[in-house]
Structure formats: structure tokens, C-alpha cells
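This is work15.txt (compact mmCIF, C-alpha atoms).
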```
# COMPACT_ATOMS: atom_id res chain seq x y z
CA MET P 1 19.30 -27.94 -27.04
CA THR P 2 22.62 -26.32 -27.85
CA GLN P 3 25.59 -28.20 -26.50
CA GLY P 4 27.80 -26.22 -24.16
CA PRO P 5 31.52 -25.70 -24.56
CA ILE P 6 33.85 -28.68 -24.20
CA ARG P 7 36.98 -27.75 -22.29
CA LEU P 8 40.09 -29.31 -23.70
CA PRO P 9 43.18 -29.30 -21.49
CA ARG P 10 46.64 -29.27 -22.99
CA TRP P 11 47.31 -32.99 -22.94
CA PRO P 12 50.96 -34.02 -22.71
CA ILE P 13 50.26 -36.94 -25.07
CA THR P 14 47.15 -37.93 -27.02
CA ARG P 15 46.10 -41.11 -28.81
CA LEU P 16 44.90 -40.39 -32.35
CA LYS P 17 43.48 -42.48 -35.20
CA LEU P 18 43.69 -41.21 -38.78
CA LEU P 19 40.90 -42.47 -41.08
CA ASP P 20 39.91 -42.45 -44.71
CA MET P 21 37.20 -44.38 -46.51
CA THR P 22 36.44 -44.96 -50.19
CA PRO P 23 33.67 -46.79 -52.06
CA ASP P 24 34.79 -49.72 -54.18
CA GLN P 25 32.40 -48.69 -56.96
CA LYS P 26 31.71 -45.37 -58.66
CA GLY P 27 28.41 -43.58 -58.21
CA ALA P 28 26.20 -42.66 -55.29
CA PRO P 29 26.61 -44.93 -52.24
CA TYR P 30 23.81 -47.36 -51.37
CA ALA P 31 23.03 -50.02 -48.79
CA GLY P 32 25.14 -53.07 -49.53
CA ALA P 33 27.84 -51.17 -51.44
CA PRO P 34 31.38 -52.40 -50.71
CA VAL P 35 33.75 -49.91 -49.12
CA THR P 36 37.39 -49.85 -48.06
CA LEU P 37 38.53 -48.19 -44.87
CA LEU P 38 42.12 -47.07 -44.27
CA GLN P 39 43.45 -46.27 -40.82
CA ARG P 40 46.60 -45.61 -38.87
CA ASP P 41 47.15 -45.15 -35.14
CA GLY P 42 49.50 -42.69 -33.56
CA PHE P 43 50.35 -40.52 -30.57
CA VAL P 44 50.55 -36.74 -30.65
CA GLU P 45 52.89 -35.10 -28.15
CA GLU P 46 52.92 -31.32 -28.33
CA ARG P 47 53.33 -30.85 -32.11
CA SER P 48 55.08 -34.16 -32.78
CA LEU P 49 53.26 -37.09 -34.35
CA LEU P 50 54.51 -40.61 -33.68
CA TRP P 51 52.92 -43.40 -35.71
CA LEU P 52 52.36 -46.59 -33.73
CA SER P 53 51.57 -48.87 -36.65
CA ALA P 54 51.73 -49.18 -40.40
CA PRO P 55 48.63 -48.18 -42.42
CA ARG P 56 45.91 -50.84 -42.44
CA ARG P 57 43.10 -51.66 -44.88
CA SER P 58 39.73 -53.18 -43.98
CA SER P 59 36.91 -54.16 -46.34
CA GLY P 60 33.22 -54.04 -45.53
CA ARG P 61 29.84 -52.83 -46.69
CA LEU P 62 27.44 -50.00 -46.11
CA GLU P 63 24.19 -50.76 -44.32
CA GLU P 64 21.00 -48.76 -43.88
CA SER P 65 19.93 -47.97 -40.35
CA LEU P 66 17.98 -45.26 -38.53
CA ASP P 67 19.82 -42.20 -37.31
CA GLU P 68 19.19 -40.38 -34.02
CA HIS P 69 16.18 -38.66 -35.62
CA GLY P 70 14.65 -41.91 -36.85
CA GLN P 71 15.57 -41.25 -40.47
CA PRO P 72 17.24 -43.80 -42.80
CA ALA P 73 21.01 -43.35 -42.95
CA LEU P 74 23.95 -45.27 -44.35
CA THR P 75 26.48 -46.63 -41.87
CA ILE P 76 29.31 -49.12 -42.09
CA SER P 77 28.73 -52.75 -41.22
CA ASP P 78 29.49 -53.97 -37.69
CA PRO P 79 32.66 -55.90 -38.64
CA LEU P 80 34.08 -52.77 -40.25
CA PHE P 81 33.18 -50.66 -37.21
CA ARG P 82 34.92 -53.19 -34.97
CA ALA P 83 38.00 -52.89 -37.18
CA VAL P 84 38.06 -49.19 -36.32
CA MET P 85 37.00 -49.52 -32.67
CA PRO P 86 38.00 -53.01 -31.46
CA VAL P 87 36.44 -53.92 -28.12
CA ASP P 88 39.76 -55.15 -26.71
CA ALA P 89 41.75 -51.98 -27.40
CA PRO P 90 41.64 -48.49 -25.87
CA ARG P 91 39.66 -45.98 -27.89
CA PRO P 92 41.55 -43.10 -29.45
CA PHE P 93 40.87 -39.68 -27.98
CA VAL P 94 40.80 -38.09 -31.44
CA LEU P 95 39.54 -39.33 -34.82
CA ALA P 96 41.10 -37.41 -37.72
CA GLY P 97 39.97 -37.40 -41.35
CA PHE P 98 39.54 -35.12 -44.33
CA HIS P 99 35.73 -34.70 -44.02
CA MET P 100 35.21 -35.82 -40.45
CA SER P 101 31.54 -34.81 -40.29
CA PHE P 102 30.77 -37.25 -43.10
CA LEU P 103 33.09 -39.99 -41.86
CA ARG P 104 31.66 -39.82 -38.34
CA ARG P 105 28.12 -40.04 -39.67
CA VAL P 106 28.93 -43.16 -41.69
CA LEU P 107 30.90 -44.71 -38.84
CA GLY P 108 27.92 -44.34 -36.52
CA GLY P 109 28.17 -44.75 -32.77
CA PRO P 110 27.73 -42.15 -30.01
CA GLN P 111 29.09 -38.71 -30.83
CA ASP P 112 28.62 -36.91 -27.52
CA ARG P 113 31.91 -38.01 -25.99
CA PRO P 114 35.47 -38.78 -27.14
CA PRO P 115 36.87 -39.61 -29.56
CA HIS P 116 36.71 -35.99 -30.68
CA ASP P 117 36.61 -35.19 -34.40
CA LEU P 118 39.54 -33.49 -36.11
CA CYS P 119 38.44 -32.36 -39.60
CA LEU P 120 41.49 -31.82 -41.79
CA TYR P 121 39.42 -30.16 -44.52
CA ARG P 122 38.04 -27.48 -42.20
CA LEU P 123 41.48 -26.82 -40.77
CA ALA P 124 43.20 -26.56 -44.16
CA ARG P 125 40.57 -24.05 -45.31
CA GLN P 126 41.07 -21.94 -42.19
CA ARG P 127 44.82 -22.07 -41.74
CA ALA P 128 45.53 -21.58 -45.46
CA SER P 129 42.86 -19.01 -46.30
CA TRP P 130 44.18 -18.70 -49.87
CA LEU P 131 43.47 -22.38 -50.51
CA ARG P 132 40.40 -22.85 -52.67
CA PRO P 133 37.90 -25.61 -51.81
CA CYS P 134 39.38 -28.79 -53.29
CA GLY P 135 39.82 -32.48 -52.63
CA LEU P 136 42.27 -34.16 -50.28
CA GLN P 137 45.15 -34.79 -52.67
CA GLU P 138 45.05 -31.36 -54.29
CA SER P 139 44.79 -29.65 -50.89
CA VAL P 140 47.93 -31.27 -49.53
CA LEU P 141 49.88 -30.81 -52.77
CA GLU P 142 49.10 -27.08 -52.68
CA LEU P 143 50.61 -26.96 -49.19
CA ARG P 144 53.43 -29.51 -49.57
CA THR P 145 55.01 -29.14 -52.99
CA ASP P 146 58.07 -30.91 -51.57
CA LEU P 147 56.02 -34.13 -51.41
CA MET P 148 54.77 -33.96 -55.01
CA THR P 149 56.48 -37.20 -56.11
CA GLU P 150 55.60 -39.15 -52.97
CA LEU P 151 51.94 -38.09 -52.92
CA THR P 152 51.25 -38.74 -56.60
CA ARG P 153 52.82 -42.21 -56.73
CA ASP P 154 50.19 -44.94 -57.12
CA SER P 155 49.65 -46.80 -53.84
CA PRO P 156 46.77 -48.54 -52.07
CA PHE P 157 47.42 -46.13 -49.19
CA LEU P 158 47.73 -42.97 -51.28
CA ARG P 159 44.77 -41.15 -49.73
CA LEU P 160 45.86 -42.06 -46.21
CA ASN P 161 49.39 -40.86 -46.99
CA CYS P 162 47.93 -37.57 -48.22
CA ALA P 163 45.86 -37.22 -45.05
CA ALA P 164 48.91 -38.00 -42.91
CA ALA P 165 50.96 -35.32 -44.68
CA LEU P 166 48.15 -32.79 -44.20
CA LEU P 167 47.86 -33.67 -40.51
CA GLU P 168 51.61 -33.36 -39.98
CA THR P 169 51.61 -29.97 -41.73
CA LEU P 170 48.76 -28.68 -39.59
CA LEU P 171 50.54 -29.82 -36.41
CA GLU P 172 53.56 -27.78 -37.48
CA TRP P 173 51.32 -24.72 -37.47
CA GLU P 174 49.21 -25.34 -34.36
CA PRO P 175 49.22 -27.73 -31.38
CA LEU P 176 46.55 -30.43 -31.37
CA ASN P 177 44.52 -28.67 -28.70
CA ARG P 178 44.21 -25.55 -30.86
CA LEU P 179 43.39 -27.61 -33.96
CA LEU P 180 40.49 -29.23 -32.13
CA VAL P 181 39.22 -25.81 -31.10
CA LEU P 182 39.18 -24.72 -34.76
CA SER P 183 37.88 -28.00 -36.15
CA GLY P 184 34.22 -27.21 -35.59
CA ASN P 185 34.24 -23.84 -37.38
CA VAL P 186 32.04 -23.42 -40.44
CA VAL P 187 33.65 -23.41 -43.90
CA SER P 188 32.27 -24.10 -47.36
CA PRO P 189 31.85 -27.85 -48.02
CA PRO P 190 34.48 -29.78 -49.97
CA PRO P 191 33.70 -30.19 -53.68
CA GLY P 192 32.01 -33.49 -54.39
CA GLU P 193 33.41 -34.00 -57.87
CA GLU P 194 36.93 -34.46 -56.49
CA GLU P 195 36.14 -36.87 -53.67
CA PRO P 196 35.18 -40.58 -53.69
CA PHE P 197 31.97 -40.07 -51.66
CA GLY P 198 31.10 -36.78 -53.35
CA GLN P 199 27.80 -38.15 -54.68
CA ALA P 200 26.54 -39.05 -51.21
CA ALA P 201 23.43 -37.10 -50.24
CA GLU P 202 25.04 -35.87 -47.00
CA TRP P 203 28.37 -34.88 -48.54
CA ALA P 204 27.69 -31.13 -48.71
CA CYS P 205 26.40 -31.07 -45.12
CA LEU P 206 29.16 -29.59 -43.00
CA PRO P 207 27.46 -28.54 -39.74
CA GLN P 208 29.13 -26.44 -37.10
CA GLY P 209 30.76 -28.59 -34.48
CA PRO P 210 30.50 -28.16 -30.71
CA ALA P 211 32.12 -25.11 -29.21
CA MET P 212 35.48 -26.08 -27.71
CA LEU P 213 37.63 -24.02 -25.40
CA GLU P 214 41.32 -24.58 -24.78
CA GLU P 215 42.76 -24.26 -21.30
```
Is it possible to express this structure as C-alpha cells?
Amino acid sequence: MTQGPIRLPRWPITRLKLLDMTPDQKGAPYAGAPVTLLQRDGFVEERSLLWLSAPRRSSGRLEESLDEHGQPALTISDPLFRAVMPVDAPRPFVLAGFHMSFLRRVLGGPQDRPPHDLCLYRLARQRASWLRPCGLQESVLELRTDLMTELTRDSPFLRLNCAAALLETLLEWEPLNRLLVLSGNVVSPPPGEEEPFGQAAEWACLPQGPAMLEE
């Protein structure tokens, strides 16, 4: 059954979590493979982004479980999921990441209620129509040449810094409410050869998200 529109009011302030995940080994992901998850929490007010914490790293593994259709699927281990969604902390209203469809699938958990997904890749392809399909770092460097030195300097948080710069740029163009409306639109999938999880079987799957209406 097709899901109906989700009405999104213009929140005065919104809790957001920015995510990125990379495998610790090259090649196609598999059950038991070690992964590293990067995250940072913040608030969005209008078009301003306020970070509440420094970037954090968590290590864990992929596990095989059954998806909602009873098919085998890779998800992160429970300790890693709890690092993203601790039981003693309020859940973010928005999860943001470069390929949020893939990240949400690997994170697991219910997807029919907040946190809503903000896909930075989809938004970059729509708001900068001249931008060719490319990976996270190249996408943000095409848009933010002023950050060339900062976003090419080796760092354990380099990908998260790139994602943060892309998110901040998008918020300069559109308020968060509007970005969420656009975030489910169909675009061509990100190229796998330029991304850490590009060899994953589900990488090229970029389904249309739920219809969202702004108020």
C-alpha cells in the first residue's frame, strides 16, 4: 500500500544527527565485517546549524538478519545501533547522511516514523543540477572550493567533515523543512566506485521516499 503524505510543519528548532559509515576492509561487505560509524549531533534553527558535540567514532560489525520481507540483509550490530540511538537519550527528529537510503537500511529499526531521512546526495543532485553523479568528497568540493584545503586534509573524521560542509551548504539554500520535502525525490544512484560501500548489493538501490508536504 502506498504511504500517504507526511505533513511537516515549520519547526522552530529541530534535533538532527549527521551520520557516515565506512567498512574497515576493502571489498563487498559481509556478515561479520568490521565497520566504523561517525556521527555528530546538532540543532537546526531556521537555516542555522548548531553542533552540540564534537564528532564521534564507534566501531562495530555487520550482522545478517531478515528484513521486513523475510529476506537476508546486512545490518549493524546491536552495540553499534545503541551508539547511534542510545536508550537514555532523546531520538533525533532527522537523520542526515550522504546515501541515507543505504545507511537507514544498514542501521535497521522501524522506518515508518521519525527520525526522518535527509539524503544529502539526493539534495546535492537536485539543488546543483549541473553536478554530475559523484562521491561525497568530490560533490562537496565542487560546491565549496573555499574549503579545498580543509576537506582534503587527512583526518579520521574527513568524511563526516565533508558531509557537514554539504549539509551546511544545503541549509544556506533551503530551510530544513524544504530539504526534507525534496529528500525523497528520485535521482540517479551515486557511483559505487567512489564510495566505501559501493560494492554492496543494495548500493545502487535509491527508491523514492515518502511524499512529504510542507506547511
_Between atom CA of P:Val140 and atom CA of P:Asp117, distance in Å (one decimal)_ =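 Computing it gives 19.3 Å between the two atoms.
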*asked:* Excluding P:Leu176 and its own-chain neighbours fewer than 3 positions away, which residues fall within 10 Å of it when counting all atoms listed in the file? Please give them as a ChimeraX atom specification.
replied: /P:10-11,13-14,44-49,94,118,167,170-173,179-182
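At a cut-off of 8 Å from (51.9, -45.1, -34.6), the residue set is Arg40, Asp41, Gly42, Phe43, Leu50, Trp51, Leu52, Ser53 and Ala54 of chain P (counting only C-alpha atoms).
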*Show which residues sit within 12 Å of P:Ala128, as a PyMOL selection string. Count all atoms listed in the file, and ignore same-chain residues fewer than 3 positions away.*
chain P and resi 120-125+131-133+139-140+142-144+166+169-170+173
*Which residue, P:Pro175, P:Pro34, P:Gly198, P:Gly108, has the smallest gap to P:Arg82 when you use all atoms listed in the file?*
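Under the stated criterion, the closest residue is P:Gly108.
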*With all atoms listed in the file as the basis for distance, which of P:Pro115, P:Gly97, P:Gly32, P:Pro207 is at the shortest distance from P:Ala165?*
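Residue with the minimum atom-to-atom distance to P:Ala165: P:Gly97.
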*Record the distance separating atom CA of P:Phe197 and atom CA of P:His69, expressed in Å with one decimal.*
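Spanning atom CA of P:Phe197 to atom CA of P:His69 is a straight-line distance of 22.6 Å.
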Assuming 8 Å of padding per side, give the centre and edge lengths of the axis-aligned box around every listed atom of stretch 140-152 of chain P, in Å to one decimal and as lines of an AutoDock Vina configuration file.
```
center_x = 53.0
center_y = -33.1
center_z = -52.9
size_x = 26.1
size_y = 28.2
size_z = 23.4
```
Take stretch 31-45 of chain P, model N, CA, C and O atoms, and hand the result over as a short mmCIF file (atom, residue, chain, number, x, y, z; two decimals), in the frame of the given file.
```
data_model
loop_
_atom_site.label_atom_id
_atom_site.label_comp_id
_atom_site.auth_asym_id
_atom_site.auth_seq_id
_atom_site.Cartn_x
_atom_site.Cartn_y
_atom_site.Cartn_z
N ALA P 31 22.95 -48.92 -49.74
CA ALA P 31 23.03 -50.02 -48.79
C ALA P 31 23.52 -51.27 -49.49
O ALA P 31 22.99 -51.66 -50.53
N GLY P 32 24.54 -51.89 -48.94
CA GLY P 32 25.14 -53.07 -49.53
C GLY P 32 26.38 -52.78 -50.35
O GLY P 32 27.09 -53.72 -50.75
N ALA P 33 26.67 -51.52 -50.63
CA ALA P 33 27.84 -51.17 -51.44
C ALA P 33 29.12 -51.49 -50.69
O ALA P 33 29.25 -51.19 -49.49
N PRO P 34 30.10 -52.10 -51.36
CA PRO P 34 31.38 -52.40 -50.71
C PRO P 34 32.22 -51.14 -50.53
O PRO P 34 32.24 -50.26 -51.40
N VAL P 35 32.90 -51.05 -49.41
CA VAL P 35 33.75 -49.91 -49.12
C VAL P 35 35.07 -50.40 -48.53
O VAL P 35 35.16 -51.51 -47.99
N THR P 36 36.09 -49.57 -48.64
CA THR P 36 37.39 -49.85 -48.06
C THR P 36 37.74 -48.75 -47.07
O THR P 36 37.60 -47.56 -47.38
N LEU P 37 38.16 -49.15 -45.90
CA LEU P 37 38.53 -48.19 -44.87
C LEU P 37 40.03 -48.30 -44.60
O LEU P 37 40.56 -49.40 -44.45
N LEU P 38 40.70 -47.16 -44.58
CA LEU P 38 42.12 -47.07 -44.27
C LEU P 38 42.29 -46.40 -42.92
O LEU P 38 41.56 -45.46 -42.60
N GLN P 39 43.24 -46.88 -42.14
CA GLN P 39 43.45 -46.27 -40.82
C GLN P 39 44.89 -46.42 -40.38
O GLN P 39 45.63 -47.30 -40.85
N ARG P 40 45.27 -45.54 -39.46
CA ARG P 40 46.60 -45.61 -38.87
C ARG P 40 46.53 -44.99 -37.48
O ARG P 40 45.90 -43.95 -37.29
N ASP P 41 47.16 -45.62 -36.53
CA ASP P 41 47.15 -45.15 -35.14
C ASP P 41 48.45 -44.44 -34.80
O ASP P 41 49.53 -44.82 -35.27
N GLY P 42 48.32 -43.42 -33.97
CA GLY P 42 49.50 -42.69 -33.56
C GLY P 42 49.29 -41.96 -32.25
O GLY P 42 48.18 -41.93 -31.70
N PHE P 43 50.37 -41.39 -31.73
CA PHE P 43 50.35 -40.52 -30.57
C PHE P 43 50.77 -39.13 -31.00
O PHE P 43 51.67 -38.96 -31.83
N VAL P 44 50.12 -38.12 -30.44
CA VAL P 44 50.55 -36.74 -30.65
C VAL P 44 51.06 -36.21 -29.31
O VAL P 44 50.37 -36.27 -28.30
N GLU P 45 52.30 -35.72 -29.33
CA GLU P 45 52.89 -35.10 -28.15
C GLU P 45 53.33 -33.71 -28.54
O GLU P 45 54.22 -33.56 -29.39
#
```
